[in-house]
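Shown next: upload.tsv, given as TSV, C-alpha atoms.
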chain	number	residue	atom	x	y	z
Z	361	MET	CA	87.89	106.53	110.09
Z	362	VAL	CA	85.71	109.60	110.19
Z	363	ALA	CA	82.67	110.08	107.95
Z	364	LEU	CA	83.52	113.74	107.54
Z	365	VAL	CA	80.88	116.45	107.30
Z	366	THR	CA	81.08	119.09	104.58
Z	367	PRO	CA	81.07	122.52	106.29
Z	368	MET	CA	78.86	125.10	104.63
Z	369	TYR	CA	77.97	128.73	105.01
Z	370	GLU	CA	74.37	129.67	105.75
Z	371	ASP	CA	73.69	130.09	102.01
Z	372	GLY	CA	74.69	126.44	101.46
Z	373	SER	CA	78.00	127.09	99.71
Z	374	VAL	CA	80.96	124.97	100.79
Z	375	ASP	CA	83.08	126.51	103.55
Z	376	PHE	CA	86.57	125.41	102.53
Z	377	GLU	CA	88.24	127.34	105.34
Z	378	SER	CA	86.35	125.32	107.97
Z	379	LEU	CA	86.93	122.13	105.99
Z	380	GLU	CA	90.68	122.70	106.29
Z	381	LYS	CA	90.24	123.32	110.03
Z	382	LEU	CA	88.40	120.00	110.39
Z	383	ILE	CA	91.12	118.16	108.49
Z	384	GLU	CA	93.77	119.50	110.88
Z	385	PHE	CA	91.55	118.61	113.85
Z	386	HIS	CA	91.37	114.99	112.71
Z	387	VAL	CA	95.05	114.67	111.91
Z	388	GLN	CA	95.87	116.06	115.36
Z	389	PHE	CA	93.50	113.78	117.26
Z	390	LYS	CA	94.48	110.43	115.70
Z	391	THR	CA	91.76	109.83	113.13
Z	392	ASP	CA	93.21	107.04	111.01
Z	393	ALA	CA	91.59	108.03	107.70
Z	394	ILE	CA	89.21	110.66	106.35
Z	395	VAL	CA	86.14	109.61	104.38
Z	396	THR	CA	84.91	112.62	102.45
Z	397	MET	CA	81.74	112.98	100.39
Z	398	GLY	CA	79.83	110.15	101.99
Z	399	THR	CA	76.32	110.36	103.42
Z	400	THR	CA	77.54	112.53	106.29
Z	401	GLY	CA	79.24	114.81	103.75
Z	402	GLU	CA	75.87	115.54	102.07
Z	403	SER	CA	77.02	114.01	98.80
Z	404	ALA	CA	73.41	113.71	97.67
Z	405	THR	CA	73.02	117.50	97.35
Z	406	LEU	CA	76.41	118.44	95.88
Z	407	ASP	CA	76.63	118.38	92.10
Z	408	VAL	CA	79.43	116.49	90.35
Z	409	GLU	CA	81.71	119.53	90.04
Z	410	GLU	CA	81.29	120.47	93.71
Z	411	HIS	CA	81.78	116.86	94.75
Z	412	CYS	CA	85.06	116.59	92.84
Z	413	ASN	CA	86.26	119.97	94.13
Z	414	VAL	CA	85.75	118.89	97.75
Z	415	VAL	CA	87.61	115.61	97.15
Z	416	ARG	CA	90.51	117.45	95.50
Z	417	PHE	CA	90.66	119.94	98.35
Z	418	VAL	CA	90.74	117.24	101.03
Z	419	VAL	CA	93.53	115.33	99.26
Z	420	GLU	CA	95.52	118.54	98.84
Z	421	LYS	CA	95.20	119.59	102.49
Z	422	VAL	CA	95.77	116.15	104.00
Z	423	LYS	CA	99.11	116.00	102.16
Z	424	GLY	CA	99.46	112.26	102.53
Z	425	ARG	CA	99.52	112.31	106.33
Z	426	ILE	CA	96.61	109.88	106.58
Z	427	PRO	CA	94.63	108.03	103.90
Z	428	VAL	CA	91.74	109.76	102.14
Z	429	ILE	CA	88.72	107.76	100.98
Z	430	ALA	CA	86.15	109.40	98.73
Z	431	GLY	CA	82.48	108.53	98.60
Z	432	THR	CA	81.76	108.06	94.90
Z	433	GLY	CA	78.56	106.02	94.85
Z	434	ALA	CA	75.42	106.95	92.94
Z	435	ASN	CA	72.21	105.31	91.81
Z	436	SER	CA	73.39	105.78	88.23
Z	437	THR	CA	76.23	103.44	87.34
Z	438	SER	CA	77.63	105.91	84.81
Z	439	GLU	CA	77.65	108.73	87.37
Z	440	ALA	CA	79.34	106.49	89.94
Z	441	ILE	CA	82.03	105.71	87.36
Z	442	GLN	CA	82.46	109.44	86.65
Z	443	LEU	CA	82.82	110.27	90.36
Z	444	THR	CA	85.19	107.36	90.97
Z	445	ALA	CA	87.40	108.38	88.04
Z	446	CYS	CA	87.47	111.94	89.37
Z	447	ALA	CA	88.49	110.73	92.83
Z	448	LYS	CA	91.25	108.57	91.37
Z	449	GLU	CA	92.58	111.54	89.43
Z	450	ALA	CA	92.50	113.63	92.63
Z	451	GLY	CA	94.78	111.09	94.31
Z	452	VAL	CA	92.56	109.41	96.91
Z	453	ASP	CA	93.66	106.12	98.43
Z	454	ALA	CA	90.33	104.35	97.91
Z	455	CYS	CA	86.68	104.97	97.06
Z	456	LEU	CA	83.54	104.13	99.03
Z	457	LEU	CA	80.56	103.14	96.90
Z	458	VAL	CA	77.10	103.07	98.38
Z	459	THR	CA	74.53	100.69	96.94
Z	460	PRO	CA	72.29	102.45	94.39
Z	461	TYR	CA	69.50	104.19	96.25
Z	462	TYR	CA	65.83	104.69	95.30
Z	463	ASN	CA	65.79	102.50	92.18
Z	464	LYS	CA	66.04	99.30	94.31
Z	465	PRO	CA	68.12	96.96	92.09
Z	466	THR	CA	68.10	93.21	92.52
Z	467	GLN	CA	71.10	91.40	94.00
Z	468	GLU	CA	72.26	90.67	90.44
Z	469	GLY	CA	71.88	94.36	89.63
Z	470	LEU	CA	74.00	95.27	92.66
Z	471	PHE	CA	76.65	92.77	91.61
Z	472	LEU	CA	76.82	94.05	88.02
Z	473	HIS	CA	76.78	97.71	89.13
Z	474	HIS	CA	79.79	97.33	91.42
Z	475	LYS	CA	81.56	94.96	89.02
Z	476	LYS	CA	81.25	97.51	86.21
Z	477	ILE	CA	82.69	100.33	88.34
Z	478	ALA	CA	85.55	98.18	89.62
Z	479	GLU	CA	86.47	97.02	86.13
Z	480	THR	CA	86.26	100.55	84.68
Z	481	VAL	CA	88.26	102.45	87.32
Z	482	SER	CA	91.36	100.74	88.70
Z	483	ILE	CA	91.38	102.03	92.26
Z	484	PRO	CA	90.71	100.19	95.55
Z	485	GLN	CA	86.96	100.20	96.24
Z	486	ILE	CA	84.94	99.63	99.41
Z	487	LEU	CA	81.32	98.53	99.16
Z	488	TYR	CA	78.83	100.43	101.33
Z	489	ASN	CA	75.66	98.76	102.51
Z	490	VAL	CA	73.19	101.03	104.33
Z	491	PRO	CA	69.64	99.80	103.64
Z	492	GLY	CA	68.13	102.32	106.07
Z	493	ARG	CA	69.14	105.01	103.59
Z	494	THR	CA	68.98	103.25	100.24
Z	495	ALA	CA	65.97	100.90	100.51
Z	496	VAL	CA	68.12	98.02	99.24
Z	497	ASP	CA	70.13	95.53	101.29
Z	498	MET	CA	73.24	93.97	99.76
Z	499	SER	CA	73.23	90.38	100.95
Z	500	PRO	CA	76.32	88.69	102.43
Z	501	GLU	CA	76.27	86.38	99.41
Z	502	THR	CA	76.53	89.34	97.01
Z	503	ILE	CA	79.33	90.89	99.08
Z	504	ILE	CA	81.20	87.59	98.93
Z	505	ARG	CA	80.77	87.42	95.14
Z	506	LEU	CA	82.07	90.97	94.74
Z	507	SER	CA	85.02	90.31	97.05
Z	508	LYS	CA	86.50	88.09	94.34
Z	509	ILE	CA	87.10	91.19	92.18
Z	510	ASN	CA	90.69	92.26	92.81
Z	511	ASN	CA	90.17	95.95	93.54
Z	512	ILE	CA	87.05	95.52	95.71
Z	513	ILE	CA	88.90	95.42	99.03
Z	514	GLY	CA	86.23	95.67	101.71
Z	515	VAL	CA	82.74	96.58	102.82
Z	516	LYS	CA	81.21	99.17	105.11
Z	517	GLU	CA	78.30	97.37	106.77
Z	518	ALA	CA	75.88	99.89	108.27
Z	519	THR	CA	73.02	97.53	109.08
Z	520	GLY	CA	73.94	97.24	112.76
Z	521	GLU	CA	73.67	93.46	112.45
Z	522	VAL	CA	76.82	92.19	114.13
Z	523	GLY	CA	76.05	88.63	113.06
Z	524	ARG	CA	76.89	89.58	109.49
Z	525	VAL	CA	80.58	89.69	110.36
Z	526	ALA	CA	80.77	85.92	110.65
Z	527	LEU	CA	78.56	85.36	107.60
Z	528	ILE	CA	80.75	87.54	105.38
Z	529	LYS	CA	84.09	86.40	106.81
Z	530	ALA	CA	83.16	82.78	106.13
Z	531	GLY	CA	83.19	83.45	102.38
Z	532	VAL	CA	85.85	86.12	101.76
Z	533	ASP	CA	89.62	86.10	101.63
Z	534	GLU	CA	91.38	87.15	104.86
Z	535	THR	CA	92.62	90.33	103.15
Z	536	PHE	CA	89.04	91.59	102.62
Z	537	ASP	CA	88.22	94.29	105.18
Z	538	LEU	CA	84.97	94.56	107.14
Z	539	TYR	CA	84.16	98.02	108.48
Z	540	THR	CA	81.14	98.98	110.51
Z	541	GLY	CA	79.11	102.06	109.70
Z	542	ASP	CA	76.98	101.88	112.83
Z	543	ASP	CA	78.42	103.70	115.84
Z	544	GLU	CA	76.17	102.06	118.44
Z	545	THR	CA	77.31	98.52	117.58
Z	546	ALA	CA	80.86	99.35	116.44
Z	547	ILE	CA	82.71	97.85	119.39
Z	548	ALA	CA	80.71	94.62	119.20
Z	549	PHE	CA	81.32	94.51	115.42
Z	550	ILE	CA	85.09	94.83	115.82
Z	551	LEU	CA	85.23	92.33	118.69
Z	552	ALA	CA	83.33	89.90	116.46
Z	553	GLY	CA	86.12	90.08	113.88
Z	554	GLY	CA	85.60	93.41	112.10
Z	555	HIS	CA	88.58	95.49	111.09
Z	556	GLY	CA	87.43	98.99	112.07
Z	557	GLY	CA	84.71	101.50	111.36
Z	558	ILE	CA	83.67	104.62	109.51
Z	559	SER	CA	82.22	106.75	112.26
Z	560	VAL	CA	79.91	109.75	112.54
Z	561	THR	CA	80.72	110.13	116.25
Z	562	ALA	CA	84.39	110.55	115.30
Z	563	ASN	CA	83.50	113.98	113.89
Z	564	VAL	CA	83.19	115.27	117.46
Z	565	ALA	CA	85.28	112.75	119.43
Z	566	PRO	CA	88.07	111.46	117.17
Z	567	GLN	CA	90.59	110.60	119.87
Z	568	GLN	CA	88.04	108.75	121.99
Z	569	VAL	CA	86.73	106.73	119.04
Z	570	HIS	CA	90.28	105.91	117.93
Z	571	ASP	CA	91.23	104.65	121.39
Z	572	ALA	CA	88.08	102.55	121.80
Z	573	TYR	CA	88.56	100.94	118.38
Z	574	ASP	CA	92.23	100.26	119.14
Z	575	ALA	CA	91.28	98.41	122.31
Z	576	ALA	CA	88.65	96.38	120.44
Z	577	LEU	CA	91.10	95.54	117.66
Z	578	ALA	CA	93.53	94.34	120.32
Z	579	GLY	CA	90.81	92.04	121.68
Z	580	ASP	CA	90.53	93.92	124.98
Z	581	ALA	CA	86.75	93.90	125.30
Z	582	GLU	CA	86.67	95.31	128.82
Z	583	ARG	CA	88.86	98.28	127.91
Z	584	ALA	CA	87.02	98.89	124.63
Z	585	HIS	CA	83.63	99.05	126.36
Z	586	GLU	CA	85.06	101.23	129.11
Z	587	LEU	CA	86.34	103.75	126.55
Z	588	ASP	CA	83.15	103.57	124.50
Z	589	ARG	CA	80.78	104.01	127.45
Z	590	PRO	CA	81.00	107.85	127.65
Z	591	LEU	CA	80.24	108.04	123.91
Z	592	ARG	CA	77.10	105.91	123.90
Z	593	ALA	CA	74.70	108.83	124.29
Z	594	ILE	CA	76.43	110.54	121.37
Z	595	HIS	CA	76.18	107.37	119.25
Z	596	ARG	CA	72.43	107.41	119.91
Z	597	ASP	CA	71.59	111.12	119.94
Z	598	ILE	CA	73.77	112.11	116.98
Z	599	PHE	CA	71.02	110.41	114.94
Z	600	ILE	CA	68.06	111.98	116.76
Z	601	GLU	CA	67.29	113.68	113.45
Z	602	SER	CA	68.57	112.67	110.04
Z	603	ASN	CA	72.35	112.52	109.72
Z	604	PRO	CA	74.20	114.91	109.39
Z	605	ILE	CA	71.78	117.40	110.98
Z	606	PRO	CA	72.76	116.75	114.63
Z	607	VAL	CA	76.50	116.29	114.06
Z	608	LYS	CA	76.75	119.53	112.08
Z	609	TRP	CA	74.97	121.35	114.89
Z	610	ALA	CA	77.39	119.77	117.38
Z	611	LEU	CA	80.41	120.95	115.39
Z	612	VAL	CA	79.01	124.47	115.37
Z	613	LYS	CA	78.71	124.31	119.17
Z	614	MET	CA	82.34	123.14	119.30
Z	615	GLY	CA	83.38	126.23	117.35
Z	616	LEU	CA	84.72	124.25	114.39
Z	617	MET	CA	82.42	125.52	111.64
Z	618	GLU	CA	79.44	127.66	110.72
Z	619	ALA	CA	75.78	126.62	110.72
Z	620	GLY	CA	75.24	125.74	107.07
Z	621	ILE	CA	73.28	122.79	105.71
Z	622	ARG	CA	71.51	122.21	102.40
Z	623	LEU	CA	67.83	121.65	101.79
Z	624	PRO	CA	66.00	119.34	102.04
Z	625	LEU	CA	67.92	118.97	105.32
Z	626	THR	CA	67.28	121.66	107.91
Z	627	PRO	CA	69.08	122.81	111.08
Z	628	LEU	CA	68.59	120.77	114.25
Z	629	SER	CA	65.21	121.50	115.82
Z	630	THR	CA	65.04	123.51	119.02
Z	631	ALA	CA	63.49	120.56	120.84
Z	632	CYS	CA	66.43	118.27	120.03
Z	633	GLN	CA	69.24	120.71	120.77
Z	634	PRO	CA	69.36	120.15	124.58
Z	635	ILE	CA	69.51	116.39	124.05
Z	636	VAL	CA	72.53	116.55	121.76
Z	637	LEU	CA	74.17	119.18	123.96
Z	638	LYS	CA	73.84	116.95	127.05
Z	639	ALA	CA	75.37	114.00	125.21
Z	640	LEU	CA	78.35	116.13	124.22
Z	641	LYS	CA	78.86	117.54	127.69
Z	642	ASP	CA	78.52	114.15	129.36
Z	643	ALA	CA	81.32	112.88	127.09
Z	644	GLY	CA	83.55	115.74	128.20
Z	645	ILE	CA	83.45	117.58	124.88
Z	646	GLN	CA	83.97	121.34	125.11
Z	647	VAL	CA	81.02	123.27	123.71
Z	648	THR	CA	79.88	126.89	123.77
Go ahead and express the file in the form of structure tokens.
Amino acid sequence: MVALVTPMYEDGSVDFESLEKLIEFHVQFKTDAIVTMGTTGESATLDVEEHCNVVRFVVEKVKGRIPVIAGTGANSTSEAIQLTACAKEAGVDACLLVTPYYNKPTQEGLFLHHKKIAETVSIPQILYNVPGRTAVDMSPETIIRLSKINNIIGVKEATGEVGRVALIKAGVDETFDLYTGDDETAIAFILAGGHGGISVTANVAPQQVHDAYDAALAGDAERAHELDRPLRAIHRDIFIESNPIPVKWALVKMGLMEAGIRLPLTPLSTACQPIVLKALKDAGIQVT
């Protein structure tokens, strides 16, 4: 699954023409699902109306060819409910809900936050744990508690701690999905029993990521690592500055969109550009 960027013009407005181009790119090159309006989609700087408009547009243009998952998390429970209800109305297949950021809730607060959203909006929901962004870490115990709620169907674990797969799987039903959100450890995560991943690298290399994940899901560790090896520099360097700064720059170099990003994020620094460019070229990605 791709953690899709939100293309923008230089003035910061959403570039829907390029967004449609990216959707077709991912459908063509075997991305299994599109995750729109997550961290990589700059959800933090789009207002509620813009957020909902992007979700509606993606659902409309995908036309049911692959699943669409909408990021609908917020650090306000009421806003997360509003965004989740909007995504359900738009026709998404599931929602991805990041742990509340900045206000640092307790584990009980995390449990009650996600429980409230799940009980209020009847749509499949995926938990999203990314403490490097949110300053709060949802414990495996809390994930296990939340997994007992019928429409909480999985978790995106972006800690990079592969050992959490076993800890979580020990306490959840076999139908509960574990997705990685860390590209560098994704193959190890899947080989340890994970079910897939939501990838930033897939923005620029969807076919390669798909094939590597497929091999890992089939239990073919040697083939999975072989396919993943050319992407390892991208996994690393696509985060050389805050996501999605480098990946948006990369997509511009691939000719897939214009160079727009919203403050407080800024374009990729001149010093970092050759590093990202080399990673792309070494992976065989065509750039200008």
Exercise. Nearest to Val612 (chain Z) among Z:Ile426, Z:Ile635, Z:Ile477, Z:Val365, with distances taken over only C-alpha atoms: which residue is it?
Worked result: Z:Val365
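Note that the spacing between CA of Leu487 (chain Z) and CA of Gly514 (chain Z) amounts to 6.2 Å.
Between CA of Thr626 (chain Z) and CA of Glu402 (chain Z) there is a distance of 12.1 Å.
For the atom pair formed by CA of Ile528 (chain Z) and CA of Glu439 (chain Z), the distance is 28.0 Å, given to one decimal.
Distance check against Phe599 (chain Z) using all atoms listed in the file: of Z:Ser482, Z:Thr432, Z:Thr400, Z:Thr535, the minimum falls on Z:Thr400.
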Exercise. Using all atoms listed in the file, which of the listed residues (Z:Leu538, Z:Leu472, Z:Leu379, Z:Leu637) sits closest to Thr437 (chain Z)?
Worked result: Z:Leu472
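Each of Z:Lys508, Z:Lys608, Z:Lys641, Z:Arg425 was compared to Thr391 (chain Z) using only C-alpha atoms, and Z:Arg425 turns out to be the nearest.
Look at Glu409 (chain Z): the protein and nucleic acid residues within 12 Å of it, using all atoms listed in the file and passing over chain neighbours fewer than 2 places away, are Ser403, Thr405, Leu406, Asp407, His411, Cys412, Asn413, Val414, Val415, Arg416, Glu439, Gln442, Leu443, Cys446 and Ala447 of chain Z.
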Edge lengths and centre, in Å to one decimal, as JSON: that's what I need for the box along x, y and z that holds all listed atoms of region 526-537 of chain Z plus 8 Å on each side.
{"center_x": 85.6, "center_y": 88.5, "center_z": 106.1, "size_x": 30.1, "size_y": 27.5, "size_z": 25.0}
At most 9 Å is the cut-off: for each residue in region 405-479 of chain Z with any atom that close to an atom of region 496-499 of chain Z, write down the nearest atom pair and the distance in Å rounded to one decimal, counting all atoms listed in the file, chain first then increasing number, as a Markdown table.
| residue | atom | partner | partner_atom | distance |
| --- | --- | --- | --- | --- |
| Z:Thr459 | CA | Z:Val496 | CA | 7.3 |
| Z:Pro460 | CA | Z:Val496 | CA | 7.8 |
| Z:Tyr461 | CA | Z:Val496 | CA | 7.0 |
| Z:Tyr462 | CA | Z:Val496 | CA | 8.1 |
| Z:Asn463 | CA | Z:Val496 | CA | 8.7 |
| Z:Lys464 | CA | Z:Val496 | CA | 5.5 |
| Z:Pro465 | CA | Z:Val496 | CA | 7.2 |
| Z:Thr466 | CA | Z:Val496 | CA | 8.3 |
| Z:Gln467 | CA | Z:Met498 | CA | 6.7 |
| Z:Leu470 | CA | Z:Met498 | CA | 7.3 |
| Z:Phe471 | CA | Z:Met498 | CA | 8.9 |
Problem set entry | Residue with smallest distance to Asp642 (chain Z) - pool Z:Val607, Z:Ile600, Z:Ile594, Z:Val452, counting all atoms listed in the file | Z:Ile594
Exercise. Which protein, DNA or RNA residues are at most 7 Å from (82.1, 115.7, 109.3) in the file's coordinates when you count only C-alpha atoms, listed as a PyMOL selection string?
Worked result: chain Z and resi 363-366+400-401+563
Mind filling out region 553-579 of chain Z with N, CA and C atoms and sending it as a tab-separated table (two decimals), in the frame of the given file?
chain	number	residue	atom	x	y	z
Z	553	GLY	N	85.21	90.38	114.99
Z	553	GLY	CA	86.12	90.08	113.88
Z	553	GLY	C	86.20	91.15	112.82
Z	554	GLY	N	85.50	92.29	113.02
Z	554	GLY	CA	85.60	93.41	112.10
Z	554	GLY	C	86.95	94.08	112.19
Z	555	HIS	N	87.25	94.90	111.19
Z	555	HIS	CA	88.58	95.49	111.09
Z	555	HIS	C	88.60	96.98	111.41
Z	556	GLY	N	87.48	97.56	111.75
Z	556	GLY	CA	87.43	98.99	112.07
Z	556	GLY	C	86.07	99.55	111.72
Z	557	GLY	N	86.01	100.88	111.64
Z	557	GLY	CA	84.71	101.50	111.36
Z	557	GLY	C	84.85	102.87	110.74
Z	558	ILE	N	83.80	103.27	110.06
Z	558	ILE	CA	83.67	104.62	109.51
Z	558	ILE	C	82.60	105.30	110.34
Z	559	SER	N	83.02	106.27	111.15
Z	559	SER	CA	82.22	106.75	112.26
Z	559	SER	C	81.72	108.18	112.10
Z	560	VAL	N	80.46	108.40	112.45
Z	560	VAL	CA	79.91	109.75	112.54
Z	560	VAL	C	80.34	110.40	113.86
Z	561	THR	N	80.30	109.62	114.94
Z	561	THR	CA	80.72	110.13	116.25
Z	561	THR	C	82.14	110.68	116.21
Z	562	ALA	N	83.00	110.10	115.38
Z	562	ALA	CA	84.39	110.55	115.30
Z	562	ALA	C	84.50	112.00	114.83
Z	563	ASN	N	83.47	112.56	114.24
Z	563	ASN	CA	83.50	113.98	113.89
Z	563	ASN	C	83.71	114.85	115.12
Z	564	VAL	N	83.13	114.45	116.25
Z	564	VAL	CA	83.19	115.27	117.46
Z	564	VAL	C	84.12	114.69	118.52
Z	565	ALA	N	84.45	113.40	118.42
Z	565	ALA	CA	85.28	112.75	119.43
Z	565	ALA	C	86.30	111.82	118.78
Z	566	PRO	N	87.17	112.34	117.92
Z	566	PRO	CA	88.07	111.46	117.17
Z	566	PRO	C	89.03	110.67	118.03
Z	567	GLN	N	89.63	111.30	119.02
Z	567	GLN	CA	90.59	110.60	119.87
Z	567	GLN	C	89.92	109.47	120.65
Z	568	GLN	N	88.73	109.75	121.20
Z	568	GLN	CA	88.04	108.75	121.99
Z	568	GLN	C	87.62	107.55	121.14
Z	569	VAL	N	87.13	107.83	119.93
Z	569	VAL	CA	86.73	106.73	119.04
Z	569	VAL	C	87.96	105.91	118.64
Z	570	HIS	N	89.03	106.60	118.29
Z	570	HIS	CA	90.28	105.91	117.93
Z	570	HIS	C	90.74	104.97	119.05
Z	571	ASP	N	90.74	105.46	120.26
Z	571	ASP	CA	91.23	104.65	121.39
Z	571	ASP	C	90.33	103.45	121.67
Z	572	ALA	N	89.02	103.66	121.58
Z	572	ALA	CA	88.08	102.55	121.80
Z	572	ALA	C	88.23	101.48	120.73
Z	573	TYR	N	88.38	101.90	119.47
Z	573	TYR	CA	88.56	100.94	118.38
Z	573	TYR	C	89.88	100.19	118.53
Z	574	ASP	N	90.93	100.90	118.94
Z	574	ASP	CA	92.23	100.26	119.14
Z	574	ASP	C	92.13	99.14	120.17
Z	575	ALA	N	91.44	99.42	121.27
Z	575	ALA	CA	91.28	98.41	122.31
Z	575	ALA	C	90.50	97.21	121.78
Z	576	ALA	N	89.44	97.48	121.01
Z	576	ALA	CA	88.65	96.38	120.44
Z	576	ALA	C	89.47	95.57	119.45
Z	577	LEU	N	90.26	96.24	118.63
Z	577	LEU	CA	91.10	95.54	117.66
Z	577	LEU	C	92.16	94.68	118.35
Z	578	ALA	N	92.57	95.11	119.54
Z	578	ALA	CA	93.53	94.34	120.32
Z	578	ALA	C	92.87	93.20	121.08
Z	579	GLY	N	91.54	93.11	120.99
Z	579	GLY	CA	90.81	92.04	121.68
Z	579	GLY	C	90.53	92.30	123.14
